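S.K.: Supplied structure: model-v2.cif, mmCIF, C-alpha atoms.
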```
data_target
loop_
_atom_site.label_atom_id
_atom_site.label_comp_id
_atom_site.auth_asym_id
_atom_site.auth_seq_id
_atom_site.Cartn_x
_atom_site.Cartn_y
_atom_site.Cartn_z
CA MET A 14 -81.36 59.05 8.77
CA LYS A 15 -83.57 56.67 10.72
CA THR A 16 -86.25 55.54 8.28
CA VAL A 17 -89.68 53.94 8.51
CA LYS A 18 -88.43 51.16 6.23
CA ASP A 19 -86.07 50.26 9.08
CA ARG A 20 -88.95 50.79 11.57
CA HIS A 21 -87.64 53.93 13.29
CA VAL A 22 -89.85 56.78 14.48
CA VAL A 23 -89.58 59.68 16.91
CA VAL A 24 -92.46 60.68 19.19
CA GLY A 25 -93.22 63.43 21.67
CA ALA A 26 -96.11 64.88 23.65
CA ASP A 27 -97.15 67.63 25.97
CA PHE A 28 -98.92 66.82 29.25
CA ALA A 29 -102.33 66.48 27.59
CA GLY A 30 -101.11 64.14 24.87
CA PHE A 31 -98.82 62.09 27.10
CA PRO A 32 -101.21 59.19 27.89
CA LEU A 33 -102.11 58.77 24.20
CA LYS A 34 -98.44 58.88 23.20
CA GLU A 35 -97.69 56.17 25.75
CA ALA A 36 -100.43 53.92 24.33
CA VAL A 37 -99.19 54.40 20.76
CA LYS A 38 -95.55 53.95 21.76
CA LYS A 39 -96.33 50.67 23.57
CA HIS A 40 -98.21 49.44 20.50
CA LEU A 41 -95.38 50.35 18.12
CA VAL A 42 -92.69 48.76 20.29
CA ALA A 43 -94.77 45.56 20.46
CA ARG A 44 -94.88 45.61 16.64
CA GLY A 45 -91.08 45.86 16.39
CA TRP A 46 -90.59 49.61 15.99
CA ASP A 47 -87.60 51.43 17.46
CA VAL A 48 -89.26 54.44 19.08
CA GLU A 49 -87.23 57.44 20.21
CA ASP A 50 -89.30 59.35 22.74
CA VAL A 51 -88.26 62.96 23.36
CA THR A 52 -90.72 63.09 26.29
CA PRO A 53 -90.21 59.76 28.07
CA THR A 54 -91.74 60.86 31.37
CA LEU A 55 -94.56 63.23 32.21
CA GLU A 56 -92.00 65.44 33.93
CA ASP A 57 -90.11 65.74 30.62
CA CYS A 58 -93.15 67.18 28.85
CA ASP A 59 -92.78 70.85 28.02
CA MET A 60 -95.45 73.14 26.62
CA TYR A 61 -97.07 71.87 23.42
CA HIS A 62 -95.23 74.25 21.10
CA ARG A 63 -91.81 73.48 22.55
CA VAL A 64 -92.39 69.76 22.13
CA GLY A 65 -93.56 70.45 18.56
CA PHE A 66 -90.34 72.34 17.87
CA LEU A 67 -88.28 69.48 19.35
CA VAL A 68 -90.04 66.69 17.45
CA GLY A 69 -89.95 68.78 14.26
CA SER A 70 -86.24 69.40 14.69
CA LYS A 71 -85.60 65.65 14.50
CA ILE A 72 -86.93 65.77 10.93
CA SER A 73 -85.29 69.10 10.07
CA GLU A 74 -81.90 67.81 11.17
CA GLY A 75 -82.28 64.65 9.07
CA GLU A 76 -82.32 62.33 12.08
CA PHE A 77 -85.73 60.79 11.36
CA GLU A 78 -87.90 60.35 8.29
CA LYS A 79 -91.24 60.43 10.17
CA ALA A 80 -92.56 61.53 13.54
CA LEU A 81 -95.66 61.35 15.72
CA ALA A 82 -96.68 64.22 18.01
CA PHE A 83 -99.45 64.39 20.61
CA CYS A 84 -101.18 67.19 22.48
CA GLY A 85 -104.78 67.87 23.54
CA THR A 86 -106.14 68.51 20.05
CA GLY A 87 -103.13 67.85 17.82
CA MET A 88 -103.50 71.37 16.46
CA GLY A 89 -101.00 73.33 18.56
CA ILE A 90 -98.20 70.80 18.36
CA HIS A 91 -98.79 70.52 14.61
CA ILE A 92 -98.51 74.29 14.13
CA ALA A 93 -95.28 74.42 16.13
CA ALA A 94 -93.69 71.44 14.36
CA SER A 95 -94.59 73.03 11.02
CA LYS A 96 -92.32 75.96 11.85
CA CYS A 97 -89.30 73.66 11.49
CA PRO A 98 -87.79 73.45 7.98
CA HIS A 99 -88.77 70.43 5.88
CA VAL A 100 -91.57 69.40 8.25
CA HIS A 101 -94.84 68.65 6.50
CA ALA A 102 -97.15 68.11 9.47
CA ALA A 103 -100.73 66.87 9.39
CA VAL A 104 -103.40 66.47 12.04
CA ALA A 105 -105.60 63.39 11.87
CA GLU A 106 -108.72 62.35 13.75
CA THR A 107 -109.69 59.43 11.49
CA LEU A 108 -107.95 56.43 10.03
CA PRO A 109 -108.51 57.53 6.40
CA SER A 110 -107.10 61.00 7.10
CA ALA A 111 -103.97 59.55 8.72
CA LYS A 112 -103.34 57.30 5.73
CA ARG A 113 -104.12 60.07 3.25
CA ALA A 114 -101.68 62.42 5.01
CA ALA A 115 -98.92 60.05 3.91
CA THR A 116 -100.27 58.86 0.56
CA ALA A 117 -101.50 62.20 -0.86
CA ASN A 118 -99.67 64.89 1.09
CA ASN A 119 -96.37 63.16 1.80
CA ALA A 120 -96.61 64.36 5.41
CA ASN A 121 -93.67 63.39 7.57
CA LEU A 122 -95.18 64.26 10.96
CA LEU A 123 -98.61 63.20 12.17
CA ALA A 124 -100.18 65.00 15.12
CA MET A 125 -103.02 63.53 17.15
CA GLY A 126 -105.23 64.96 19.87
CA ALA A 127 -105.77 63.03 23.07
CA PHE A 128 -109.00 64.91 23.82
CA TRP A 129 -110.71 63.36 20.76
CA THR A 130 -108.77 60.22 19.85
CA ALA A 131 -109.12 56.89 21.65
CA PRO A 132 -105.95 54.79 22.06
CA ARG A 133 -106.94 51.99 19.65
CA LEU A 134 -107.82 54.50 16.94
CA ALA A 135 -104.53 56.34 17.51
CA GLN A 136 -102.63 53.07 17.21
CA ALA A 137 -104.36 52.27 13.92
CA MET A 138 -103.72 55.81 12.65
CA ALA A 139 -100.03 55.53 13.56
CA ASP A 140 -99.79 52.22 11.67
CA ALA A 141 -101.55 53.65 8.61
CA PHE A 142 -99.39 56.78 8.57
CA LEU A 143 -96.07 55.05 9.18
CA GLU A 144 -96.69 52.19 6.77
CA SER A 145 -97.86 54.34 3.83
CA SER A 146 -96.01 56.50 1.34
CA LEU A 147 -96.79 59.03 -1.37
CA GLY A 148 -98.94 57.57 -4.15
CA GLU A 149 -99.34 54.17 -2.50
CA GLY A 150 -102.76 52.67 -3.16
CA TYR A 151 -103.47 55.06 -6.01
CA GLU A 152 -101.43 53.39 -8.74
CA ASP A 153 -104.56 53.08 -10.91
CA TRP A 154 -105.32 56.81 -10.63
CA ASP A 155 -103.43 58.15 -13.60
CA GLY A 156 -101.24 61.08 -12.55
CA PHE A 157 -101.99 60.84 -8.82
CA TYR A 158 -98.36 60.69 -7.73
CA GLU A 159 -97.23 63.47 -10.09
CA TYR A 160 -100.15 65.73 -9.11
CA HIS A 161 -99.45 65.34 -5.40
CA TRP A 162 -95.69 65.57 -5.84
CA ILE A 163 -96.14 69.03 -7.38
CA GLY A 164 -98.08 70.10 -4.28
CA TYR A 165 -95.46 68.68 -1.95
CA ASP A 166 -92.58 70.20 -3.91
CA GLU A 167 -94.16 73.65 -4.10
CA CYS A 168 -94.84 73.59 -0.35
CA GLU A 169 -91.31 72.40 0.41
CA ASN A 170 -89.80 75.19 -1.70
CA PHE A 171 -92.35 77.94 -0.98
CA ASP A 172 -90.89 81.44 -0.89
CA TYR A 173 -93.51 83.85 0.42
CA GLU A 174 -91.70 86.95 -0.77
CA ALA A 175 -91.44 85.59 -4.32
CA TYR A 176 -95.11 84.60 -4.13
CA ARG A 177 -96.07 88.06 -2.92
CA SER A 178 -93.99 89.87 -5.53
CA ASN A 179 -95.58 87.70 -8.23
CA GLY A 180 -99.09 88.92 -7.39
CA PHE A 181 -99.82 86.03 -5.02
CA ARG A 182 -99.30 83.39 -7.68
CA VAL A 183 -96.71 80.66 -7.57
CA PRO A 184 -93.77 81.92 -9.62
CA ASN A 185 -92.41 79.38 -12.10
CA PRO A 186 -94.79 76.54 -11.25
CA ALA A 187 -93.20 73.10 -11.15
CA SER A 188 -95.14 71.95 -14.19
CA ALA A 189 -97.62 72.92 -16.88
CA PRO A 190 -101.32 73.14 -15.98
CA LEU A 191 -102.46 69.89 -14.44
CA GLY A 192 -105.55 69.31 -16.54
CA PRO A 193 -108.91 68.12 -15.27
CA GLU A 194 -109.69 67.47 -11.62
CA PRO A 195 -108.82 63.97 -10.41
CA ARG A 196 -111.66 61.50 -10.93
CA GLY A 197 -113.77 59.87 -8.31
CA LEU A 198 -112.26 61.14 -5.05
CA ALA A 199 -113.15 64.35 -3.27
CA TYR A 200 -110.59 66.37 -1.43
#
```
Represent the structure from my file as structure tokens, please.
M.R.:
Amino acid sequence: MKTVKDRHVVVGADFAGFPLKEAVKKHLVARGWDVEDVTPTLEDCDMYHRVGFLVGSKISEGEFEKALAFCGTGMGIHIAASKCPHVHAAVAETLPSAKRAATANNANLLAMGAFWTAPRLAQAMADAFLESSLGEGYEDWDGFYEYHWIGYDECENFDYEAYRSNGFRVPNPASAPLGPEPRGLAY
């Protein structure tokens, strides 16, 4: 698997996200990243959902640890990528949300929208997402990692039919009740 520790990432965009993807890709390459681009030319760009499936498949198949995807809003490509197994996609429009997608939600694909996101912000969001990992920066928040790992694990292993047959409750939760709400930070 090509990992972020080794500075590898896969990217892709539809026609609307293509210029933003190009700006982020140029930035990452200049910072020493090896960027695999599944849509290297505008002519290679398919519809947003097909690009989402393709970028997501790079994670599903174990080729890449993290990915960046771009369309007009980030929403459509995110939905499509999320259909691929083991993809935990997030959409970000701010620097804190991009970082939090990695540190709290353990997202492995970040989608951005070119209609709303300026290139320099997208570059900073890509850096924050790619250079952060689950629990990082929250070491002083007792139980942060464990709390968020439960959420990640239950999403990764979610079985809708088992959930439905259990009265729309998570069957066999990963741990005992979590206790009080985390202190000081709002979700």
S.K.: Could you check the closest approach to Leu143 of chain A for each of A:Glu49, A:Glu169, A:Glu78, A:Asp57 and tell me which residue wins, using only C-alpha atoms?
M.R.: A:Glu78
S.K.: If you measure from atom CA of Pro132 of chain A to atom CA of Ala120 of chain A, what distance in Å do you get, rounded to one decimal?
M.R.: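 One can read the atom CA of Pro132 of chain A to atom CA of Ala120 of chain A distance as 21.4 Å.
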S.K.: Excluding Val183 of chain A and any residue of its chain fewer than 4 positions from it, enumerate the residues within 12 Å of it, using all atoms listed in the file, and give them as a list in words.
M.R.: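 The neighbour list is Ile163, Gly164, Asp166, Glu167, Cys168, Asn170, Phe171, Asp172, Tyr173, Glu174, Ala175, Tyr176, Arg177, Ser178, Asn179, Ala187 and Ser188 of chain A.
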S.K.: Taking the file as I've supplied it (selection: the PyMOL selection byres ((chain A and resi 35) around 10)), which residues are included? Please answer as a PyMOL selection string.
M.R.: chain A and resi 24-26+30-34+36-41+50+52-54+83+132
S.K.: Please save C-alpha atoms of the selected residues as a short mmCIF file (atom, residue, chain, number, x, y, z; two decimals), in the coordinates of the input.
M.R.:
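part_8.cif, written as the output of this step:
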```cif
data_model
loop_
_atom_site.label_atom_id
_atom_site.label_comp_id
_atom_site.auth_asym_id
_atom_site.auth_seq_id
_atom_site.Cartn_x
_atom_site.Cartn_y
_atom_site.Cartn_z
CA VAL A 24 -92.46 60.68 19.19
CA GLY A 25 -93.22 63.43 21.67
CA ALA A 26 -96.11 64.88 23.65
CA GLY A 30 -101.11 64.14 24.87
CA PHE A 31 -98.82 62.09 27.10
CA PRO A 32 -101.21 59.19 27.89
CA LEU A 33 -102.11 58.77 24.20
CA LYS A 34 -98.44 58.88 23.20
CA ALA A 36 -100.43 53.92 24.33
CA VAL A 37 -99.19 54.40 20.76
CA LYS A 38 -95.55 53.95 21.76
CA LYS A 39 -96.33 50.67 23.57
CA HIS A 40 -98.21 49.44 20.50
CA LEU A 41 -95.38 50.35 18.12
CA ASP A 50 -89.30 59.35 22.74
CA THR A 52 -90.72 63.09 26.29
CA PRO A 53 -90.21 59.76 28.07
CA THR A 54 -91.74 60.86 31.37
CA PHE A 83 -99.45 64.39 20.61
CA PRO A 132 -105.95 54.79 22.06
#
```
S.K.: Please evaluate the PyMOL selection byres ((chain A and resi 138) around 12) against the displayed coordinates and give the resulting residues as a ChimeraX atom specification.
M.R.: /A:37,40-41,81,103-115,123-126,130-137,139-145
S.K.: Which residues fall under the PyMOL selection byres ((chain A and resi 79) around 8) in this file, as an MDAnalysis selection string?
M.R.: chainID A and resid 16:17 22:23 72 77:78 80:81 121:122 143
S.K.: Can you tell me how far atom CA of Ala29 of chain A sits from atom CA of Val68 of chain A, in Å to one decimal?
M.R.: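 About the pair atom CA of Ala29 of chain A and atom CA of Val68 of chain A: they are 15.9 Å apart.
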S.K.: Could you jot down the atom CA of Gly156 of chain A to atom CA of Asn119 of chain A separation for me, Å, one decimal place?
M.R.: 15.3 Å
S.K.: Of the candidates A:Gly180, A:Gly45, A:Gly148, A:Pro98, which shows the shortest atom-to-atom distance to Ser73 of chain A, using all atoms listed in the file?
M.R.: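 Checking each of A:Gly180, A:Gly45, A:Gly148, A:Pro98 against Ser73 of chain A, counting all atoms listed in the file, the winner is A:Pro98.
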S.K.: Select, counting only C-alpha atoms, all protein, DNA and RNA residues no farther than 6 Å from (-96.0, 62.3, -6.0) in file coordinates, and express the selection as a ChimeraX atom specification.
M.R.: /A:147-148,158-159,161-162
S.K.: Please determine, counting all atoms listed in the file, which residue among A:Asp155, A:Glu74, A:Asp27, A:Asp19 has the shortest atom-to-atom distance to Val48 of chain A.
M.R.: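 When distances to Val48 of chain A are compared using all atoms listed in the file, the smallest one comes from A:Asp19.
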S.K.: For Gly87 of chain A, which residue out of A:Tyr165, A:Phe181, A:Tyr61, A:Phe157 is the nearest one, using all atoms listed in the file?
M.R.: A:Tyr61
S.K.: If we count all atoms listed in the file, what is near Cys97 of chain A at a cut-off of 12 Å, once residues fewer than 3 positions away on the same chain are taken out, given as a list in words?
M.R.: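 Contacts, in chain order: His62, Arg63, Val64, Gly65, Phe66, Leu67, Val68, Gly69, Ser70, Lys71, Ile72, Ser73, Glu74, Gly75, Ile90, His91, Ile92, Ala93, Ala94, Val100, His101, Ala102, Asn121, Leu122 and Glu169 of chain A.
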S.K.: Could you please fill out segment 137-152 of chain A with N, CA, C and O atoms and send it back as an mmCIF file, in the frame of the given file?
M.R.:
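Wrote rebuild27.cif, looks like this:
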```cif
data_model
loop_
_atom_site.group_PDB
_atom_site.id
_atom_site.type_symbol
_atom_site.label_atom_id
_atom_site.label_comp_id
_atom_site.auth_asym_id
_atom_site.auth_seq_id
_atom_site.Cartn_x
_atom_site.Cartn_y
_atom_site.Cartn_z
ATOM 1 N N ALA A 137 -104.072 52.583 15.319
ATOM 2 C CA ALA A 137 -104.360 52.270 13.920
ATOM 3 C C ALA A 137 -103.940 53.412 13.004
ATOM 4 O O ALA A 137 -103.417 53.179 11.909
ATOM 5 N N MET A 138 -104.143 54.661 13.455
ATOM 6 C CA MET A 138 -103.720 55.810 12.650
ATOM 7 C C MET A 138 -102.206 55.857 12.530
ATOM 8 O O MET A 138 -101.674 56.149 11.454
ATOM 9 N N ALA A 139 -101.497 55.563 13.612
ATOM 10 C CA ALA A 139 -100.030 55.530 13.560
ATOM 11 C C ALA A 139 -99.558 54.472 12.569
ATOM 12 O O ALA A 139 -98.673 54.735 11.737
ATOM 13 N N ASP A 140 -100.154 53.284 12.622
ATOM 14 C CA ASP A 140 -99.790 52.220 11.670
ATOM 15 C C ASP A 140 -100.025 52.678 10.240
ATOM 16 O O ASP A 140 -99.155 52.519 9.377
ATOM 17 N N ALA A 141 -101.205 53.230 9.971
ATOM 18 C CA ALA A 141 -101.550 53.650 8.610
ATOM 19 C C ALA A 141 -100.595 54.725 8.110
ATOM 20 O O ALA A 141 -100.139 54.676 6.967
ATOM 21 N N PHE A 142 -100.288 55.693 8.949
ATOM 22 C CA PHE A 142 -99.390 56.780 8.570
ATOM 23 C C PHE A 142 -97.971 56.286 8.339
ATOM 24 O O PHE A 142 -97.343 56.599 7.324
ATOM 25 N N LEU A 143 -97.461 55.499 9.267
ATOM 26 C CA LEU A 143 -96.070 55.050 9.180
ATOM 27 C C LEU A 143 -95.836 54.027 8.075
ATOM 28 O O LEU A 143 -94.742 53.947 7.532
ATOM 29 N N GLU A 144 -96.853 53.270 7.739
ATOM 30 C CA GLU A 144 -96.690 52.190 6.770
ATOM 31 C C GLU A 144 -97.187 52.563 5.376
ATOM 32 O O GLU A 144 -97.349 51.687 4.520
ATOM 33 N N SER A 145 -97.391 53.863 5.134
ATOM 34 C CA SER A 145 -97.860 54.340 3.830
ATOM 35 C C SER A 145 -96.899 55.389 3.290
ATOM 36 O O SER A 145 -96.236 56.074 4.053
ATOM 37 N N SER A 146 -96.874 55.496 1.956
ATOM 38 C CA SER A 146 -96.010 56.500 1.340
ATOM 39 C C SER A 146 -96.733 57.149 0.160
ATOM 40 O O SER A 146 -97.757 56.651 -0.318
ATOM 41 N N LEU A 147 -96.182 58.231 -0.316
ATOM 42 C CA LEU A 147 -96.790 59.030 -1.370
ATOM 43 C C LEU A 147 -97.175 58.179 -2.581
ATOM 44 O O LEU A 147 -96.340 57.451 -3.117
ATOM 45 N N GLY A 148 -98.441 58.269 -2.972
ATOM 46 C CA GLY A 148 -98.940 57.570 -4.150
ATOM 47 C C GLY A 148 -99.393 56.143 -3.917
ATOM 48 O O GLY A 148 -100.079 55.564 -4.750
ATOM 49 N N GLU A 149 -99.028 55.567 -2.783
ATOM 50 C CA GLU A 149 -99.340 54.170 -2.500
ATOM 51 C C GLU A 149 -100.859 53.956 -2.409
ATOM 52 O O GLU A 149 -101.556 54.685 -1.714
ATOM 53 N N GLY A 150 -101.342 52.973 -3.148
ATOM 54 C CA GLY A 150 -102.760 52.670 -3.160
ATOM 55 C C GLY A 150 -103.515 53.403 -4.259
ATOM 56 O O GLY A 150 -104.707 53.182 -4.453
ATOM 57 N N TYR A 151 -102.830 54.273 -4.960
ATOM 58 C CA TYR A 151 -103.470 55.060 -6.010
ATOM 59 C C TYR A 151 -102.783 54.820 -7.367
ATOM 60 O O TYR A 151 -102.849 55.655 -8.251
ATOM 61 N N GLU A 152 -102.164 53.686 -7.511
ATOM 62 C CA GLU A 152 -101.430 53.390 -8.740
ATOM 63 C C GLU A 152 -102.340 53.393 -9.966
ATOM 64 O O GLU A 152 -101.885 53.689 -11.073
#
```
